[in-house]
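S.K.: The structure that follows is given in the form of structure tokens.
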Amino acid sequence: NMTAKKKEEAEEPLPKKEEKEEKEQTNASELVQKRTRSQLTEPVKAYFSNERVLTESSDNARELYNQSRYGEILDDGRIQLSLIETIYLIEKKRLIVYDSRNKAIEFEAFLKKAQKFEPNFWVRYCVLKDIRNRGYIIKTALKFGADFRIYDRGVKPGEDHARWVVFPVSEGSTLTWYEFAAKNRVAHSTKKRLLLAIVDAENDVTYYECRWLRP
């Protein structure tokens with residue numbers, strides 16, 4: 001019996017050369033894919049100088065723009081991010097920002113710097129964070145005379161127009177009817193819907209959509 005078993009084992013066909021090469025190629029391909037996924041989950045490096053944040057020129061950085069439209073892509077392949085996008089990506093651990101001394105800037109330190117340059121920064125950040133967490137793309141809308149513009153879920157800038165213009169407001173602040181009417185006019189003139197984003201003391205955001213009606 002032992003002799004017969006050894007004979008059977010000896011007669012078992014060896015893997016063909018083509019099969020062996022195909023298996024090796026598959027393993028190599030899987031290894032490359034794993035490395036690529038690992039690289040894309042690594043935080044992007046960026047540098048803060050003169051109120052600007054510029055990323056490194058890398059595929060990882062460009063994915064921030066291509067997939068979720070963070071920042072604006074420059075001719076040299078780097079991404080220029082707004083301060084408010086930057087702090088969101090820092091909090092999500094998708095970005096490491098370095099100062100002029102090549103020292104990483106932590107969330108709280110970056111927040112203090114940003115608040116010096118932009119008024120109402122924290123209230124605006126609460127709104128951007130909430131909208132991004134809901135899966136929408138939100139971009140600044142200064143040229144429209146608003147704080148932000150929001151695109152329908154699944155829509156990227158360039159594919160279609162934004163649906164809403166957004167004005168973040170602190171719950172404790174006051175708004176005159178004149179200011180309220182001015183915000184309505186901005187939305188009406190840009191053919192977008194107006195969203196008032198009210199941020200409360202717990203940093204929760206409530207949205208009110210307002211529309212211009214003619215009697």
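Labels used: A, B, ... for chains in the order of the structure tokens, numbers from 1 for residues in each chain, and numbers from 1 for ligands as shown.
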Please tabulate, as a Markdown table, the residues of stretch 28-107 of chain A that come within 12 Å of stretch 155-169 of chain A, each with its closest pair of atoms and the distance in Å to one decimal, counting only C-alpha atoms and ordering rows by chain, then residue number upward.
M.R.:
```
| residue | atom | partner | partner_atom | distance |
| --- | --- | --- | --- | --- |
| A:Tyr65 | CA | A:Lys156 | CA | 10.2 |
| A:Asn66 | CA | A:Lys156 | CA | 9.3 |
| A:Gln67 | CA | A:Lys156 | CA | 8.7 |
| A:Ser68 | CA | A:Lys156 | CA | 7.6 |
| A:Arg69 | CA | A:Lys156 | CA | 7.0 |
| A:Tyr70 | CA | A:Pro157 | CA | 10.5 |
| A:Gly71 | CA | A:Pro157 | CA | 11.3 |
| A:Glu72 | CA | A:Pro157 | CA | 11.0 |
```
S.K.: Excluding A:Arg94 and its own-chain neighbours fewer than 2 positions away, which residues fall within 7 Å of it when counting only C-alpha atoms? Please give them as a list in words.
M.R.: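 My list of contacting residues is Pro43, Val44, Leu89, Ile90 and Lys92 of chain A.
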S.K.: Near A:Lys116, counting only C-alpha atoms, which residues have an atom at most 12 Å away, once you skip same-chain residues fewer than 6 positions from it, shown as a tab-separated table (two decimals) with N, CA, C and O atoms, in the first residue's frame?
M.R.:
```tsv
chain	number	residue	atom	x	y	z
A	51	GLU	N	-1.03	82.78	5.43
A	51	GLU	CA	-2.48	82.53	5.37
A	51	GLU	C	-2.88	81.51	4.31
A	51	GLU	O	-4.06	81.38	3.97
A	83	LEU	N	-8.54	77.63	4.85
A	83	LEU	CA	-8.23	77.37	6.26
A	83	LEU	C	-9.29	76.47	6.88
A	83	LEU	O	-8.99	75.60	7.71
A	109	ALA	N	-3.91	74.69	17.95
A	109	ALA	CA	-3.00	75.75	17.52
A	109	ALA	C	-3.42	76.32	16.17
A	109	ALA	O	-3.39	77.53	15.95
A	110	PHE	N	-3.85	75.43	15.27
A	110	PHE	CA	-4.29	75.89	13.95
A	110	PHE	C	-5.57	76.70	14.08
A	110	PHE	O	-5.76	77.70	13.38
A	122	TRP	N	-15.27	79.82	13.94
A	122	TRP	CA	-15.75	78.60	14.60
A	122	TRP	C	-17.17	78.24	14.18
A	122	TRP	O	-17.48	77.08	13.93
```
S.K.: Compile the contact shell of stretch 178-193 of chain A as a PyMOL selection string: residues with an atom at most 12 Å away, counting only C-alpha atoms, same-chain residues fewer than 3 positions apart removed.
M.R.: chain A and resi 141-152+161-169+174-175+196+208-214
S.K.: What does the file look like for those residues with N, CA, C and O atoms, as a short mmCIF file (atom, residue, chain, number, x, y, z; two decimals), in the first residue's frame?
M.R.:
```
data_model
loop_
_atom_site.label_atom_id
_atom_site.label_comp_id
_atom_site.auth_asym_id
_atom_site.auth_seq_id
_atom_site.Cartn_x
_atom_site.Cartn_y
_atom_site.Cartn_z
N ALA A 141 -18.27 80.46 -0.99
CA ALA A 141 -19.10 81.12 -2.02
C ALA A 141 -18.97 82.63 -1.93
O ALA A 141 -19.95 83.35 -2.08
N LEU A 142 -17.76 83.09 -1.68
CA LEU A 142 -17.56 84.54 -1.50
C LEU A 142 -17.93 85.32 -2.76
O LEU A 142 -18.45 86.43 -2.66
N LYS A 143 -17.68 84.74 -3.92
CA LYS A 143 -18.00 85.47 -5.16
C LYS A 143 -19.51 85.61 -5.36
O LYS A 143 -19.97 86.45 -6.12
N PHE A 144 -20.29 84.76 -4.66
CA PHE A 144 -21.75 84.88 -4.70
C PHE A 144 -22.27 85.80 -3.60
O PHE A 144 -23.47 86.06 -3.53
N GLY A 145 -21.38 86.23 -2.70
CA GLY A 145 -21.82 87.06 -1.58
C GLY A 145 -22.36 86.25 -0.42
O GLY A 145 -23.11 86.75 0.41
N ALA A 146 -21.98 84.96 -0.36
CA ALA A 146 -22.42 84.07 0.73
C ALA A 146 -21.19 83.39 1.34
O ALA A 146 -20.08 83.51 0.82
N ASP A 147 -21.40 82.69 2.45
CA ASP A 147 -20.28 81.98 3.08
C ASP A 147 -19.94 80.70 2.33
O ASP A 147 -18.78 80.41 2.06
N PHE A 148 -20.98 79.91 2.03
CA PHE A 148 -20.76 78.61 1.40
C PHE A 148 -21.79 78.34 0.32
O PHE A 148 -22.85 78.96 0.29
N ARG A 149 -21.46 77.40 -0.52
CA ARG A 149 -22.43 76.81 -1.45
C ARG A 149 -22.38 75.30 -1.26
O ARG A 149 -21.32 74.74 -0.99
N ILE A 150 -23.53 74.65 -1.38
CA ILE A 150 -23.62 73.20 -1.16
C ILE A 150 -24.19 72.53 -2.41
O ILE A 150 -25.16 73.02 -3.00
N TYR A 151 -23.59 71.42 -2.76
CA TYR A 151 -24.03 70.63 -3.91
C TYR A 151 -24.87 69.45 -3.44
O TYR A 151 -24.68 68.93 -2.34
N ASP A 152 -25.79 69.02 -4.30
CA ASP A 152 -26.57 67.82 -4.00
C ASP A 152 -25.63 66.66 -3.71
O ASP A 152 -24.52 66.59 -4.28
N HIS A 161 -24.60 72.75 -11.02
CA HIS A 161 -24.55 73.93 -10.15
C HIS A 161 -24.88 73.54 -8.71
O HIS A 161 -25.52 72.52 -8.45
N ALA A 162 -24.42 74.37 -7.79
CA ALA A 162 -24.76 74.16 -6.38
C ALA A 162 -26.26 74.39 -6.20
O ALA A 162 -26.88 75.19 -6.91
N ARG A 163 -26.84 73.70 -5.22
CA ARG A 163 -28.28 73.84 -4.97
C ARG A 163 -28.56 74.95 -3.95
O ARG A 163 -29.56 75.66 -4.06
N TRP A 164 -27.69 75.09 -2.94
CA TRP A 164 -27.94 76.04 -1.87
C TRP A 164 -26.77 77.01 -1.68
O TRP A 164 -25.62 76.65 -1.92
N VAL A 165 -27.09 78.21 -1.23
CA VAL A 165 -26.09 79.09 -0.62
C VAL A 165 -26.39 79.11 0.87
O VAL A 165 -27.56 79.07 1.27
N VAL A 166 -25.33 79.14 1.68
CA VAL A 166 -25.49 78.95 3.12
C VAL A 166 -24.90 80.12 3.89
O VAL A 166 -23.79 80.58 3.59
N PHE A 167 -25.65 80.57 4.89
CA PHE A 167 -25.18 81.61 5.81
C PHE A 167 -25.17 81.04 7.22
O PHE A 167 -26.23 80.84 7.82
N PRO A 168 -23.99 80.74 7.79
CA PRO A 168 -23.91 80.27 9.16
C PRO A 168 -24.17 81.42 10.14
O PRO A 168 -23.64 82.53 9.97
N VAL A 169 -25.00 81.16 11.14
CA VAL A 169 -25.36 82.19 12.13
C VAL A 169 -25.32 81.56 13.52
O VAL A 169 -25.83 80.46 13.73
N THR A 174 -28.01 88.40 16.41
CA THR A 174 -29.24 89.03 15.90
C THR A 174 -29.11 89.29 14.41
O THR A 174 -28.01 89.47 13.89
N LEU A 175 -30.25 89.29 13.74
CA LEU A 175 -30.28 89.51 12.30
C LEU A 175 -31.44 90.45 12.00
O LEU A 175 -32.58 90.17 12.38
N LEU A 196 -30.27 79.03 6.04
CA LEU A 196 -29.72 79.64 7.25
C LEU A 196 -29.29 78.50 8.17
O LEU A 196 -30.11 77.64 8.51
N TYR A 208 -32.59 76.11 8.20
CA TYR A 208 -33.88 76.67 7.76
C TYR A 208 -33.74 77.06 6.30
O TYR A 208 -32.89 77.90 5.95
N GLU A 209 -34.55 76.45 5.46
CA GLU A 209 -34.53 76.82 4.04
C GLU A 209 -35.56 77.91 3.81
O GLU A 209 -36.73 77.78 4.20
N CYS A 210 -35.14 78.99 3.19
CA CYS A 210 -36.03 80.14 2.95
C CYS A 210 -36.18 80.35 1.45
O CYS A 210 -35.21 80.21 0.70
N ARG A 211 -37.38 80.69 1.04
CA ARG A 211 -37.62 80.93 -0.38
C ARG A 211 -38.28 82.28 -0.61
O ARG A 211 -39.06 82.74 0.20
N TRP A 212 -37.95 82.85 -1.73
CA TRP A 212 -38.49 84.15 -2.14
C TRP A 212 -39.82 83.91 -2.85
O TRP A 212 -39.86 83.24 -3.87
N LEU A 213 -40.89 84.45 -2.33
CA LEU A 213 -42.20 84.27 -2.94
C LEU A 213 -42.82 85.61 -3.33
O LEU A 213 -42.67 86.59 -2.61
N ARG A 214 -43.47 85.63 -4.47
CA ARG A 214 -44.20 86.84 -4.86
C ARG A 214 -45.70 86.58 -4.68
O ARG A 214 -46.22 85.58 -5.18
#
```
S.K.: Could you write out, as a PyMOL selection string, all the residues of stretch 21-214 of chain A that DSSP marks as alpha helix (DSSP H)?
M.R.: chain A and resi 21-41+59-68+83-91+107-117+121-133+177-189
S.K.: From the set A:Leu54, A:Leu194, A:Leu74, A:Ile87, which residue has the shortest atom-to-atom contact distance to A:Ile105, counting only C-alpha atoms?
M.R.: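 Ranking A:Leu54, A:Leu194, A:Leu74, A:Ile87 by distance to A:Ile105, first place goes to A:Ile87.
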S.K.: Atom CA of A:Val199 and atom CA of A:Leu81 are how many Å apart?
M.R.: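 Here the two named atoms are 23.8 Å from each other.
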S.K.: How many Å lie between atom CA of A:Ala46 and atom CA of A:Val205, rounded to one decimal?
M.R.: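 About the pair atom CA of A:Ala46 and atom CA of A:Val205: they are 29.2 Å apart.
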S.K.: Please provide as an mmCIF file with C-alpha atoms, in the first residue's frame all residues within 10 Å of A:Gly77, with the sequence filter that same-chain residues fewer than 5 positions apart are discarded (counting only C-alpha atoms).
M.R.:
```cif
data_model
loop_
_atom_site.group_PDB
_atom_site.id
_atom_site.type_symbol
_atom_site.label_atom_id
_atom_site.label_comp_id
_atom_site.auth_asym_id
_atom_site.auth_seq_id
_atom_site.Cartn_x
_atom_site.Cartn_y
_atom_site.Cartn_z
ATOM 1 C CA THR A 55 -0.195 70.334 0.072
ATOM 2 C CA GLU A 56 2.684 68.302 -1.271
ATOM 3 C CA SER A 57 2.425 67.266 -4.918
ATOM 4 C CA SER A 58 1.365 63.639 -4.629
ATOM 5 C CA ASP A 59 -1.337 61.248 -5.805
ATOM 6 C CA ALA A 61 -3.033 64.888 -2.139
ATOM 7 C CA ARG A 62 -4.740 64.990 -5.532
ATOM 8 C CA GLU A 72 -8.260 73.901 -5.706
#
```
S.K.: Under the rule that only C-alpha atoms are counted, which of A:Ile84, A:Leu64, A:Leu95, A:Ile138 is the nearest residue to A:Pro119?
M.R.: A:Ile84
S.K.: Out of A:Thr176, A:Asn203, A:Ser170, A:Asn50, which residue has the shortest atom-to-atom distance to A:Asp99 when counting only C-alpha atoms?
M.R.: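 Counting only C-alpha atoms, the residue closest to A:Asp99 is A:Asn50.
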S.K.: Enumerate as a PyMOL selection string all residues of chain A assigned to strand (DSSP E) by DSSP on the backbone, naming them with the chain letters and numbers the document uses.
M.R.: chain A and resi 44-49+52-55+72-73+79-81+95-98+138-140+148-150+164-170+193-199+205-210
S.K.: For the residues in the current selection, export N, CA and C atoms as a CSV table (one decimal), in the first residue's frame.
M.R.:
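This is the output file selection18.csv:
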```
chain,number,residue,atom,x,y,z
A,44,VAL,N,-2.0,63.3,4.3
A,44,VAL,CA,-1.3,64.2,3.3
A,44,VAL,C,-0.5,65.2,4.1
A,45,LYS,N,0.7,65.5,3.5
A,45,LYS,CA,1.5,66.6,4.1
A,45,LYS,C,1.2,67.9,3.5
A,46,ALA,N,1.1,69.0,4.3
A,46,ALA,CA,0.8,70.3,3.8
A,46,ALA,C,1.6,71.3,4.6
A,47,TYR,N,1.7,72.5,4.0
A,47,TYR,CA,2.5,73.6,4.6
A,47,TYR,C,1.7,74.9,4.7
A,48,PHE,N,1.8,75.5,5.9
A,48,PHE,CA,1.1,76.7,6.2
A,48,PHE,C,2.0,77.9,6.2
A,49,SER,N,1.7,78.9,5.3
A,49,SER,CA,2.5,80.1,5.2
A,49,SER,C,1.7,81.2,4.6
A,52,ARG,N,-1.9,80.8,3.7
A,52,ARG,CA,-2.2,79.8,2.7
A,52,ARG,C,-1.8,78.4,3.2
A,53,VAL,N,-2.5,77.4,2.7
A,53,VAL,CA,-2.1,76.0,3.0
A,53,VAL,C,-2.0,75.3,1.7
A,54,LEU,N,-0.8,74.8,1.4
A,54,LEU,CA,-0.5,74.1,0.2
A,54,LEU,C,0.0,72.7,0.5
A,55,THR,N,-0.6,71.7,-0.2
A,55,THR,CA,-0.2,70.3,0.1
A,55,THR,C,1.1,70.0,-0.7
A,72,GLU,N,-8.4,73.7,-4.3
A,72,GLU,CA,-8.3,73.9,-5.7
A,72,GLU,C,-6.9,73.3,-6.2
A,73,ILE,N,-6.9,72.7,-7.3
A,73,ILE,CA,-5.7,72.1,-7.8
A,73,ILE,C,-4.9,73.1,-8.6
A,79,ILE,N,-2.3,71.0,-4.1
A,79,ILE,CA,-3.7,71.5,-3.8
A,79,ILE,C,-3.6,72.7,-2.8
A,80,GLN,N,-4.3,73.7,-3.1
A,80,GLN,CA,-4.4,74.9,-2.2
A,80,GLN,C,-5.7,74.7,-1.4
A,81,LEU,N,-5.6,74.6,-0.1
A,81,LEU,CA,-6.8,74.4,0.7
A,81,LEU,C,-7.2,75.7,1.4
A,95,LEU,N,-4.8,65.0,7.2
A,95,LEU,CA,-3.8,66.0,6.8
A,95,LEU,C,-2.9,66.3,8.0
A,96,ILE,N,-1.6,66.5,7.7
A,96,ILE,CA,-0.7,67.0,8.7
A,96,ILE,C,-0.1,68.3,8.1
A,97,VAL,N,-0.3,69.4,8.9
A,97,VAL,CA,0.2,70.7,8.4
A,97,VAL,C,1.4,71.1,9.2
A,98,TYR,N,2.4,71.6,8.4
A,98,TYR,CA,3.7,72.0,9.0
A,98,TYR,C,3.8,73.5,8.9
A,138,ILE,N,-19.2,70.9,0.2
A,138,ILE,CA,-19.5,72.3,0.5
A,138,ILE,C,-18.2,73.1,0.2
A,139,LYS,N,-18.4,74.2,-0.5
A,139,LYS,CA,-17.3,75.1,-0.9
A,139,LYS,C,-17.6,76.5,-0.5
A,140,THR,N,-16.6,77.3,-0.4
A,140,THR,CA,-16.8,78.7,-0.1
A,140,THR,C,-17.6,79.4,-1.3
A,148,PHE,N,-21.0,79.9,2.0
A,148,PHE,CA,-20.8,78.6,1.4
A,148,PHE,C,-21.8,78.3,0.3
A,149,ARG,N,-21.5,77.4,-0.5
A,149,ARG,CA,-22.4,76.8,-1.4
A,149,ARG,C,-22.4,75.3,-1.3
A,150,ILE,N,-23.5,74.6,-1.4
A,150,ILE,CA,-23.6,73.2,-1.2
A,150,ILE,C,-24.2,72.5,-2.4
A,164,TRP,N,-27.7,75.1,-2.9
A,164,TRP,CA,-27.9,76.0,-1.9
A,164,TRP,C,-26.8,77.0,-1.7
A,165,VAL,N,-27.1,78.2,-1.2
A,165,VAL,CA,-26.1,79.1,-0.6
A,165,VAL,C,-26.4,79.1,0.9
A,166,VAL,N,-25.3,79.1,1.7
A,166,VAL,CA,-25.5,79.0,3.1
A,166,VAL,C,-24.9,80.1,3.9
A,167,PHE,N,-25.7,80.6,4.9
A,167,PHE,CA,-25.2,81.6,5.8
A,167,PHE,C,-25.2,81.0,7.2
A,168,PRO,N,-24.0,80.7,7.8
A,168,PRO,CA,-23.9,80.3,9.2
A,168,PRO,C,-24.2,81.4,10.1
A,169,VAL,N,-25.0,81.2,11.1
A,169,VAL,CA,-25.4,82.2,12.1
A,169,VAL,C,-25.3,81.6,13.5
A,170,SER,N,-24.7,82.3,14.5
A,170,SER,CA,-24.7,81.8,15.9
A,170,SER,C,-26.1,82.0,16.4
A,193,ARG,N,-31.1,78.0,-3.6
A,193,ARG,CA,-31.9,78.1,-2.4
A,193,ARG,C,-31.1,78.6,-1.3
A,194,LEU,N,-31.8,79.4,-0.4
A,194,LEU,CA,-31.1,79.9,0.8
A,194,LEU,C,-31.3,79.0,2.0
A,195,LEU,N,-30.1,78.7,2.6
A,195,LEU,CA,-30.1,78.0,3.9
A,195,LEU,C,-29.5,78.9,5.0
A,196,LEU,N,-30.3,79.0,6.0
A,196,LEU,CA,-29.7,79.6,7.2
A,196,LEU,C,-29.3,78.5,8.2
A,197,ALA,N,-28.0,78.5,8.5
A,197,ALA,CA,-27.5,77.4,9.4
A,197,ALA,C,-27.3,78.0,10.8
A,198,ILE,N,-28.1,77.6,11.7
A,198,ILE,CA,-28.1,78.2,13.1
A,198,ILE,C,-27.3,77.2,14.0
A,199,VAL,N,-26.2,77.7,14.6
A,199,VAL,CA,-25.3,77.0,15.4
A,199,VAL,C,-25.6,77.3,16.9
A,205,VAL,N,-26.1,72.0,14.7
A,205,VAL,CA,-26.6,72.9,13.6
A,205,VAL,C,-28.0,72.6,13.2
A,206,THR,N,-28.8,73.6,13.1
A,206,THR,CA,-30.2,73.5,12.6
A,206,THR,C,-30.3,74.3,11.3
A,207,TYR,N,-31.0,73.7,10.3
A,207,TYR,CA,-31.1,74.4,9.0
A,207,TYR,C,-32.5,74.9,8.7
A,208,TYR,N,-32.6,76.1,8.2
A,208,TYR,CA,-33.9,76.7,7.8
A,208,TYR,C,-33.7,77.1,6.3
A,209,GLU,N,-34.6,76.4,5.5
A,209,GLU,CA,-34.5,76.8,4.0
A,209,GLU,C,-35.6,77.9,3.8
A,210,CYS,N,-35.1,79.0,3.2
A,210,CYS,CA,-36.0,80.1,2.9
A,210,CYS,C,-36.2,80.3,1.4
```
